[in-house]
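Scroll down for the structure; my scribbles are underneath it.
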Amino acid sequence: MHKRFDHQAIESKWQEKWKENGLYDAGERDDNKEKEYVLVEWPYPSGNLHIGHWYAFAVPDIYVRYKRMLGNQVLYPMGFDAFGLPAENAAIKHNLNPREWTEKNIEYMRSQLDSMGNAFSWDKTTSSTDPEYYKWTQWMFTEFFKNDLAYRGEAIVNWDPIDNTVIANEQVLPDGTSERSGAIVEKKKMPQWMLKITDFADDLIDDLEDLNWPEHIKDAQRNWIGRSEGAEIDFELSFGQKVTVFTTRPDTLFGATYMVLAPEHELVQKYKDDIANWSEVEAYIEASRQKDERDRQDNTKEKTGVKLEGVSATNPASGEEIPVYIADYVLAGYGTGAIMAVPAHDERDFAFAQKFGIEVKQVVAGGEELPYAGMGTLISSGKFDGLSSEEAKENIVKEVGGRMTNTYRLRDWSIGRQRYWGVPIPIVYDPEGKAHPVPEEHLPWTLPEDVDFKPTGEAPLAKSAELKARTEEIFGEGWTPEVETMDTFVDSSWYFLRYLDNQNKDNLVSPEAQKSWMQVDMYFGGAEHTTMHLLYSRFWQKALHRLGLVTHNEPYLKRANHGMILGPDGNKMSKSKGNVVDPDEQVKSVGADTVKLYLAFMGPYEDNSYPWDPNGVVGLRRFLERVYGLGEHIAQEESEEMTSLLHKTIKKVRYDIAEFKFNTAISAMMVYVNKAEKENLTKESYLTLVKLLAPFAPHLTEEIWSVYDLEGSIHSSPYPEYDESLARDKEVTIGVQINGKMRGEITLSPTASEGEALELVKKVDVLMARLHQKEIMKVIYVPGRILNLIVKE
RNA sequence: GCCCAGGUGGUGGAAUCGGUAGACACGAGGGACUUAAAAUCCCUUGCCUUUCAAACGGCGUGCGGGUUCAAUUCCCGCCCUGGGCACCA
């Protein structure tokens with residue numbers, strides 16, 4: 001019989017008590033305890049908690065509580081990533097200040113987060129919009145500026161015409177639309193604040209080696225950074241100018257029969273007087289500029305380009321004169337923006353050469369037909385004939401005075417945003433237009449309030465009289481403020497540091513606090529951050545480390561991505577589809593413990609999506625009621641099997657939590673409860689079960705703990721240990737195969753001998769009938785696993 | 001095209017080292033209790049053949065091969081789904 005409990009009364013009662021006692025505060029670091037820093041991605045305060053937040057915060061809480069009960073001092077902080085466009089857009093819509101809107105949301109979300117009953121270290125909380133937080137965001141930016149890691153550069157940027165702002169490469173989706181607004185991204189050339197993430201490209205790849213991250217996440221980062229190993233080689237143009245190309249295949253240099261410059265290549269404009277067909281060339285440049293990024297990247301389209309009449313280049317290996325083209329299949333932003341084209345050994349060059357009637361010269365023997373892009377033996381390459389591609393590479397580069405080098409897909413991170421609700425970039429310009437960092441004494445360089453922030457494409461801070469006056473007052477007449485704000489990914493690139501020392505007025509984080517808590521031991525978060533947040537924050541930490549501002553070179557030791565909770569129909573939850581599951585309603589009807597337990601039970605906590613099943617939730621509620629009702633099965637004694645099963649269960653639950661396999665941990669406890677209900681169990685065993693369940697259902701277990709009048713909180717009690725000898729089976733049932741087919745089973749000690757096993761077979765009629773008058777040729781016996789009898793048919 | 005992850009009952013999933021495939025939960029079917037319904041309890045539930053019932057029958061972890069006494073697990077070749085990258089030289 002299930003025993004119902006009043007989850008609303010129980011949950012609010014314990015949540016209040018825990019809060020009163022500060023039970024989960026991280027507190028002062030106690031060096032007698034091992035530390036564990038568990039991080040989850042801080043939420044944007046949209047004003048309403050959704051089921052994804054539950055999945056992201058309540059399930060890791062199982063691990064957090066488990067670690068606490070193991071005796072670790074655990075830091076499990078929560079804060080708010082509160083700058084960004086939604087607040088600004090909501091403020092425009094409701095005609096109020098983004099700060100008001102944000103603060104109201106934070107307050108409300110805080111109460112929703114409390115209803116989860118998680119063991120958050122609220123004493124360490126912070127918010128990106130708190131001036132005491134963004135003061136340090138700005139300070140680090142000025143340090144980067146002083147050390148050439150932040151710079152103002154003319155760059156081709158991604159312009160989002162809906163949000164009216166620049167966005168970073170990482171924020172453009174593969175289909176050329178904006179990750180935020182969905183707008184088709186336009187390319188614009190404009191001055192931009194950039195961070196030199198490319199300086200760390202090699203470190204960002206190489207240091208992955210030592211991280212305990214899933215391989216697929218590392219792969220995705222390596223891919224994103226896109227290191228390719230090759231060489232830079234100089235070609236001389238007919239009017240004496242040198243052009244450098246990048247190639248991964250210097251071994252094919254003798255086969256380079258033409259050269260291509262990107263339409264945006266600076267030399268094209270510079271030497272327009274030398275180009276005989278300039279008007280045609282100019283028209284092509286204009287046309288390719290008009291194409292949006294999607295068209296330009298569509299490699300299924302026919303190649304286009306224009307020959308630069310009157311211009312030629314010299315192949316430095318063969319000495320041959322070769323024609324020069326501009327074509328938009330060569331990208332200005334990658335490599336050197338110029339290529340040597342080898343039609344015989346590159347598919348794209350081949351297609352282009354076919355169309356324009358350019359010579360195809362094979363220099364690598366290998367494939368049956370051209371173009372052949374593989375490696376092979378060199379031919380028609382002068383003194384290099386007969387060498388393998390690999391051998392030839394460096395030799396040829398040396399011969400022509402080139403240099404081996406790497407190039408990367410990764411671009412510097414553009415962080416300037418032409419919007420209001422963000423961290424002001426702490427830069428002022430002197431009357432000559434030179435940029436200066438705002439000195440530390442004037443930080444935080446506050447976000448002005450006197451701004452009409454409706455998006456016009458122009459940065460809203462430009463309209464602030466206060467900011468302008470402030471700048472002139474501090475720096476002098478004619479000085480002007482920078483009016484852009486920072487990408488919100490900057491805010492979240494270092495929040496894990498501020499949590500450690502959230503009250504520190506003199507430093508972003510003290511070395512002592514870092515020594516106590518760094519690095520993040522376990523970082524749970526969404527898969528969508530693999531090439532954005534995770535890459536940015538690794539860069540940030542490395543940049544700080546290079547400047548000697550932090551103690552560690554990498555922020556996160558271990559990482560697990562989780563997936564998404566889908567609507568009951570299997571689709572992504574959305575208001576328009578009407579498939580949104582409201583966690584508040586669920587908490588009200590079945591309770592926080594049940595919601596958490598259900599989310600943990602759906603499947604392993606990994607990058608996989610699960611549909612919400614309204615019936616499934618009920619099953620977990622039933623389980624909790626059975627645990628609650630199990631108190632009525634308490635007896636003076638219990639069977640040996642019950643004791644053994646308990647120890648097996650403890651072993652499995654401990655193992656599974658450590659592996660984030662919360663689903664099988666729960667099912668193991670279900671198995672135990674199912675059996676205990678049919679028999680009896682001692683009070684001691686019952687309370688052991690309750691402790692085992694405590695990380696999964698913190699409210700109900702605390703309630704049961706108090707009913708039995710036990711000291712303190714269950715969540716401060718030690719997690720159950722198991723006795724290996726009791727957890728071991730005395731008897732096991734194993735399968736018996738005849739010629740590899742399962743034909744029966746026998747029950748015996750896991751250490752029984754082969755002879756004993758064969759004796760037992762004789763007692764099984766079914767098996768004996770099969771074996772009748774047959775000779776056993778071979779016996780395979782794996783104790784505790786299988787008995788396989790090979791007979792002559 | 002390249003890189004990564006995955007494909008198991010009606011559903012979510014389990015099988016930790018190559019050793020009884022389908023734990024646990026949901027759903028479904030049958031029964032008990034009830035005036036009735038809900039809740040709860042008990043039984044059945046991978047598929048197929050034959051059967052009153054069944055099995056000591058056959059099949060079965062995307063498909064086709066292979067290794068092995070034994071394969072969801074290892075190897076080779078495919079197909080499909082999801083994710084990342086992509087005119088990146």
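Letters for chains follow the order of the structure tokens (A, B, ...), residue numbers begin at 1 for each chain, and ligand numbers begin at 1 in the order shown.
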
- Task: Compile the contact shell of range 58-68 of chain B as a VMD selection string: residues with an atom at most 12 Å away, counting only C-alpha atoms (C1' of nucleotides), same-chain residues fewer than 6 positions apart removed.
- Result: (chain A and resid 740) or (chain B and resid 6 to 9 15 18 to 19 21 to 22 46 to 50 74 to 81)

Quick one: everything within 9 Å of G27 in chain B, counting only C-alpha atoms (C1' of nucleotides), minus sequence neighbours fewer than 3 positions away in the same chain. Send it as a tab-separated table (two decimals) with N, CA and C atoms (P, O5', C5', C4', C3', O3' and C1' of nucleotides), in the first residue's frame.
```tsv
chain	number	residue	atom	x	y	z
A	615	ASN	N	3.20	10.38	-17.86
A	615	ASN	CA	2.97	9.16	-17.09
A	615	ASN	C	4.21	8.75	-16.32
B	10	G	P	7.77	-3.91	-30.83
B	10	G	O5'	6.85	-2.81	-30.14
B	10	G	C5'	5.96	-2.05	-30.96
B	10	G	C4'	5.40	-0.90	-30.17
B	10	G	C3'	6.39	-0.09	-29.36
B	10	G	O3'	7.15	0.80	-30.16
B	10	G	C1'	4.46	-0.47	-28.06
B	11	U	P	8.64	1.18	-29.74
B	11	U	O5'	8.43	2.22	-28.55
B	11	U	C5'	7.86	3.51	-28.78
B	11	U	C4'	7.92	4.31	-27.50
B	11	U	C3'	9.29	4.39	-26.85
B	11	U	O3'	10.11	5.36	-27.45
B	11	U	C1'	7.70	3.83	-25.21
```

Please return, as an mmCIF file with N, CA, C and O atoms (P, O5', C5', C4', C3', O3' and C1' of nucleotides), in the first residue's frame, all residues of chain B lying within 9 Å of chain A when only C-alpha atoms (C1' of nucleotides) are considered.
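Contents of the output file part-v2.cif:
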```
data_model
loop_
_atom_site.group_PDB
_atom_site.id
_atom_site.type_symbol
_atom_site.label_atom_id
_atom_site.label_comp_id
_atom_site.auth_asym_id
_atom_site.auth_seq_id
_atom_site.Cartn_x
_atom_site.Cartn_y
_atom_site.Cartn_z
ATOM 1 P P C B 3 36.946 11.305 -41.795
ATOM 2 O "O5'" C B 3 36.646 12.087 -40.436
ATOM 3 C "C5'" C B 3 37.694 12.745 -39.736
ATOM 4 C "C4'" C B 3 37.117 13.492 -38.559
ATOM 5 C "C3'" C B 3 36.230 12.671 -37.632
ATOM 6 O "O3'" C B 3 36.961 11.861 -36.739
ATOM 7 C "C1'" C B 3 35.149 14.711 -38.108
ATOM 8 P P C B 4 36.307 10.496 -36.207
ATOM 9 O "O5'" C B 4 35.184 11.004 -35.203
ATOM 10 C "C5'" C B 4 35.523 11.663 -33.996
ATOM 11 C "C4'" C B 4 34.279 12.159 -33.311
ATOM 12 C "C3'" C B 4 33.257 11.106 -32.919
ATOM 13 O "O3'" C B 4 33.630 10.404 -31.753
ATOM 14 C "C1'" C B 4 32.135 12.927 -33.895
ATOM 15 P P A B 5 33.104 8.898 -31.559
ATOM 16 O "O5'" A B 5 31.571 9.110 -31.185
ATOM 17 C "C5'" A B 5 31.209 9.739 -29.953
ATOM 18 C "C4'" A B 5 29.716 9.965 -29.912
ATOM 19 C "C3'" A B 5 28.865 8.716 -30.016
ATOM 20 O "O3'" A B 5 28.746 8.039 -28.782
ATOM 21 C "C1'" A B 5 28.014 10.366 -31.470
ATOM 22 P P G B 12 11.704 5.188 -27.381
ATOM 23 O "O5'" G B 12 12.045 5.610 -25.884
ATOM 24 C "C5'" G B 12 11.816 6.950 -25.460
ATOM 25 C "C4'" G B 12 12.270 7.097 -24.028
ATOM 26 C "C3'" G B 12 13.666 6.572 -23.740
ATOM 27 O "O3'" G B 12 14.664 7.470 -24.156
ATOM 28 C "C1'" G B 12 12.194 5.820 -22.058
ATOM 29 P P G B 13 16.129 6.980 -24.502
ATOM 30 O "O5'" G B 13 16.636 6.500 -23.066
ATOM 31 C "C5'" G B 13 17.591 5.459 -22.923
ATOM 32 C "C4'" G B 13 17.293 4.732 -21.642
ATOM 33 C "C3'" G B 13 18.205 3.547 -21.354
ATOM 34 O "O3'" G B 13 19.278 3.985 -20.538
ATOM 35 C "C1'" G B 13 15.968 2.813 -21.333
ATOM 36 P P A B 14 20.671 3.301 -20.632
ATOM 37 O "O5'" A B 14 20.405 1.856 -20.013
ATOM 38 C "C5'" A B 14 20.171 1.740 -18.620
ATOM 39 C "C4'" A B 14 20.127 0.312 -18.189
ATOM 40 C "C3'" A B 14 21.340 -0.533 -18.515
ATOM 41 O "O3'" A B 14 22.395 -0.257 -17.628
ATOM 42 C "C1'" A B 14 19.365 -1.774 -18.864
ATOM 43 P P G B 19 30.815 -10.274 -21.318
ATOM 44 O "O5'" G B 19 29.898 -11.552 -21.109
ATOM 45 C "C5'" G B 19 28.826 -11.805 -22.006
ATOM 46 C "C4'" G B 19 28.193 -13.140 -21.664
ATOM 47 C "C3'" G B 19 27.885 -13.315 -20.177
ATOM 48 O "O3'" G B 19 26.738 -14.143 -20.089
ATOM 49 C "C1'" G B 19 29.384 -14.982 -20.853
ATOM 50 P P U B 20 25.291 -13.498 -19.840
ATOM 51 O "O5'" U B 20 24.396 -14.815 -19.738
ATOM 52 C "C5'" U B 20 24.351 -15.739 -20.816
ATOM 53 C "C4'" U B 20 22.935 -16.205 -20.983
ATOM 54 C "C3'" U B 20 21.932 -15.085 -21.217
ATOM 55 O "O3'" U B 20 20.932 -15.556 -22.101
ATOM 56 C "C1'" U B 20 21.311 -16.296 -19.326
ATOM 57 P P A B 23 13.218 -6.699 -18.314
ATOM 58 O "O5'" A B 23 13.713 -6.464 -16.821
ATOM 59 C "C5'" A B 23 14.581 -7.398 -16.193
ATOM 60 C "C4'" A B 23 15.541 -6.681 -15.286
ATOM 61 C "C3'" A B 23 14.941 -5.557 -14.440
ATOM 62 O "O3'" A B 23 14.360 -6.060 -13.259
ATOM 63 C "C1'" A B 23 16.914 -4.795 -15.476
ATOM 64 P P C B 24 12.860 -5.721 -12.885
ATOM 65 O "O5'" C B 24 12.891 -4.129 -12.761
ATOM 66 C "C5'" C B 24 13.580 -3.494 -11.690
ATOM 67 C "C4'" C B 24 13.635 -2.000 -11.937
ATOM 68 C "C3'" C B 24 12.307 -1.365 -12.328
ATOM 69 O "O3'" C B 24 11.491 -1.106 -11.200
ATOM 70 C "C1'" C B 24 13.980 -0.619 -13.803
ATOM 71 P P A B 25 9.904 -1.214 -11.332
ATOM 72 O "O5'" A B 25 9.573 0.001 -12.308
ATOM 73 C "C5'" A B 25 9.669 1.340 -11.838
ATOM 74 C "C4'" A B 25 9.495 2.307 -12.976
ATOM 75 C "C3'" A B 25 8.174 2.232 -13.728
ATOM 76 O "O3'" A B 25 7.123 2.841 -13.014
ATOM 77 C "C1'" A B 25 9.950 2.441 -15.261
ATOM 78 P P C B 26 5.632 2.334 -13.290
ATOM 79 O "O5'" C B 26 5.311 2.922 -14.744
ATOM 80 C "C5'" C B 26 5.256 4.332 -14.939
ATOM 81 C "C4'" C B 26 5.165 4.645 -16.401
ATOM 82 C "C3'" C B 26 3.959 4.091 -17.127
ATOM 83 O "O3'" C B 26 2.789 4.856 -16.869
ATOM 84 C "C1'" C B 26 5.870 3.748 -18.447
ATOM 85 P P G B 27 1.395 4.122 -16.774
ATOM 86 O "O5'" G B 27 1.167 3.608 -18.268
ATOM 87 C "C5'" G B 27 0.946 4.544 -19.331
ATOM 88 C "C4'" G B 27 0.959 3.813 -20.648
ATOM 89 C "C3'" G B 27 -0.064 2.696 -20.786
ATOM 90 O "O3'" G B 27 -1.338 3.198 -21.151
ATOM 91 C "C1'" G B 27 2.041 1.907 -21.490
ATOM 92 P P U B 40 -1.755 4.178 -7.783
ATOM 93 O "O5'" U B 40 -2.030 3.015 -6.732
ATOM 94 C "C5'" U B 40 -1.672 3.188 -5.372
ATOM 95 C "C4'" U B 40 -2.219 2.056 -4.556
ATOM 96 C "C3'" U B 40 -1.809 0.658 -5.010
ATOM 97 O "O3'" U B 40 -0.523 0.324 -4.534
ATOM 98 C "C1'" U B 40 -4.131 0.686 -4.623
ATOM 99 P P C B 41 0.398 -0.652 -5.396
ATOM 100 O "O5'" C B 41 -0.263 -2.071 -5.118
ATOM 101 C "C5'" C B 41 -0.244 -2.633 -3.809
ATOM 102 C "C4'" C B 41 -1.030 -3.912 -3.795
ATOM 103 C "C3'" C B 41 -0.642 -4.916 -4.874
ATOM 104 O "O3'" C B 41 0.494 -5.665 -4.498
ATOM 105 C "C1'" C B 41 -2.986 -4.680 -4.854
ATOM 106 P P C B 56 10.485 -25.943 -21.580
ATOM 107 O "O5'" C B 56 11.803 -26.790 -21.815
ATOM 108 C "C5'" C B 56 12.877 -26.299 -22.581
ATOM 109 C "C4'" C B 56 13.262 -27.303 -23.637
ATOM 110 C "C3'" C B 56 12.405 -27.258 -24.886
ATOM 111 O "O3'" C B 56 13.221 -27.399 -26.031
ATOM 112 C "C1'" C B 56 12.377 -29.436 -23.958
ATOM 113 P P C B 69 36.634 -21.588 -30.987
ATOM 114 O "O5'" C B 69 35.183 -21.807 -30.372
ATOM 115 C "C5'" C B 69 34.445 -22.989 -30.652
ATOM 116 C "C4'" C B 69 33.263 -23.055 -29.720
ATOM 117 C "C3'" C B 69 32.419 -21.794 -29.662
ATOM 118 O "O3'" C B 69 31.486 -21.759 -30.724
ATOM 119 C "C1'" C B 69 32.864 -22.535 -27.465
ATOM 120 P P A B 70 31.234 -20.392 -31.471
ATOM 121 O "O5'" A B 70 30.597 -19.472 -30.339
ATOM 122 C "C5'" A B 70 29.263 -19.738 -29.884
ATOM 123 C "C4'" A B 70 28.917 -18.838 -28.733
ATOM 124 C "C3'" A B 70 29.028 -17.356 -29.030
ATOM 125 O "O3'" A B 70 27.857 -16.882 -29.666
ATOM 126 C "C1'" A B 70 30.055 -17.842 -26.965
ATOM 127 P P G B 84 25.075 21.472 -34.938
ATOM 128 O "O5'" G B 84 26.643 21.278 -35.050
ATOM 129 C "C5'" G B 84 27.486 21.619 -33.950
ATOM 130 C "C4'" G B 84 28.899 21.238 -34.265
ATOM 131 C "C3'" G B 84 29.502 21.919 -35.489
ATOM 132 O "O3'" G B 84 29.926 23.234 -35.220
ATOM 133 C "C1'" G B 84 30.002 19.627 -35.571
ATOM 134 P P C B 85 29.787 24.324 -36.363
ATOM 135 O "O5'" C B 85 30.867 23.838 -37.419
ATOM 136 C "C5'" C B 85 32.251 23.934 -37.105
ATOM 137 C "C4'" C B 85 33.074 23.325 -38.196
ATOM 138 C "C3'" C B 85 32.880 23.898 -39.588
ATOM 139 O "O3'" C B 85 33.465 25.175 -39.759
ATOM 140 C "C1'" C B 85 32.988 21.568 -39.736
ATOM 141 P P A B 86 32.686 26.182 -40.722
ATOM 142 O "O5'" A B 86 32.937 25.541 -42.143
ATOM 143 C "C5'" A B 86 34.240 25.553 -42.703
ATOM 144 C "C4'" A B 86 34.250 24.710 -43.931
ATOM 145 C "C3'" A B 86 33.382 25.184 -45.080
ATOM 146 O "O3'" A B 86 33.945 26.310 -45.716
ATOM 147 C "C1'" A B 86 33.163 22.858 -44.872
ATOM 148 P P C B 87 33.101 27.102 -46.730
ATOM 149 O "O5'" C B 87 33.915 26.552 -47.975
ATOM 150 C "C5'" C B 87 33.285 26.091 -49.172
ATOM 151 C "C4'" C B 87 34.418 25.531 -50.005
ATOM 152 C "C3'" C B 87 35.763 26.230 -49.770
ATOM 153 O "O3'" C B 87 36.832 25.335 -50.125
ATOM 154 C "C1'" C B 87 35.025 26.643 -51.957
ATOM 155 P P C B 88 37.350 24.252 -49.057
ATOM 156 O "O5'" C B 88 38.266 25.114 -48.104
ATOM 157 C "C5'" C B 88 39.599 25.448 -48.462
ATOM 158 C "C4'" C B 88 40.431 25.717 -47.221
ATOM 159 C "C3'" C B 88 40.330 24.637 -46.138
ATOM 160 O "O3'" C B 88 41.534 24.627 -45.426
ATOM 161 C "C1'" C B 88 39.522 26.678 -45.287
ATOM 162 P P A B 89 42.577 23.507 -45.577
ATOM 163 O "O5'" A B 89 43.092 23.533 -47.072
ATOM 164 C "C5'" A B 89 44.335 24.056 -47.341
ATOM 165 C "C4'" A B 89 44.423 24.365 -48.798
ATOM 166 C "C3'" A B 89 45.688 25.126 -49.190
ATOM 167 O "O3'" A B 89 46.782 24.250 -49.349
ATOM 168 C "C1'" A B 89 43.815 26.149 -50.176
#
```

- Message: Under the rule that only C-alpha atoms are counted, which of A:Lys383, A:Lys270, A:His715, A:Lys678 is the nearest residue to Leu693 in chain A?
- Response: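 The closest residue to Leu693 in chain A is A:His715.
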
- Note on the structure: Students should find that CA of Phe254 in chain A and CA of Val268 in chain A are spaced 24.8 Å

- Message: Using only C-alpha atoms for the distances, tell me which of A:Ile285, A:Ile427, A:Leu500, A:Ala9 is nearest to Ser516 in chain A.
- Response: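 Result for the nearest residue to Ser516 in chain A: A:Leu500.
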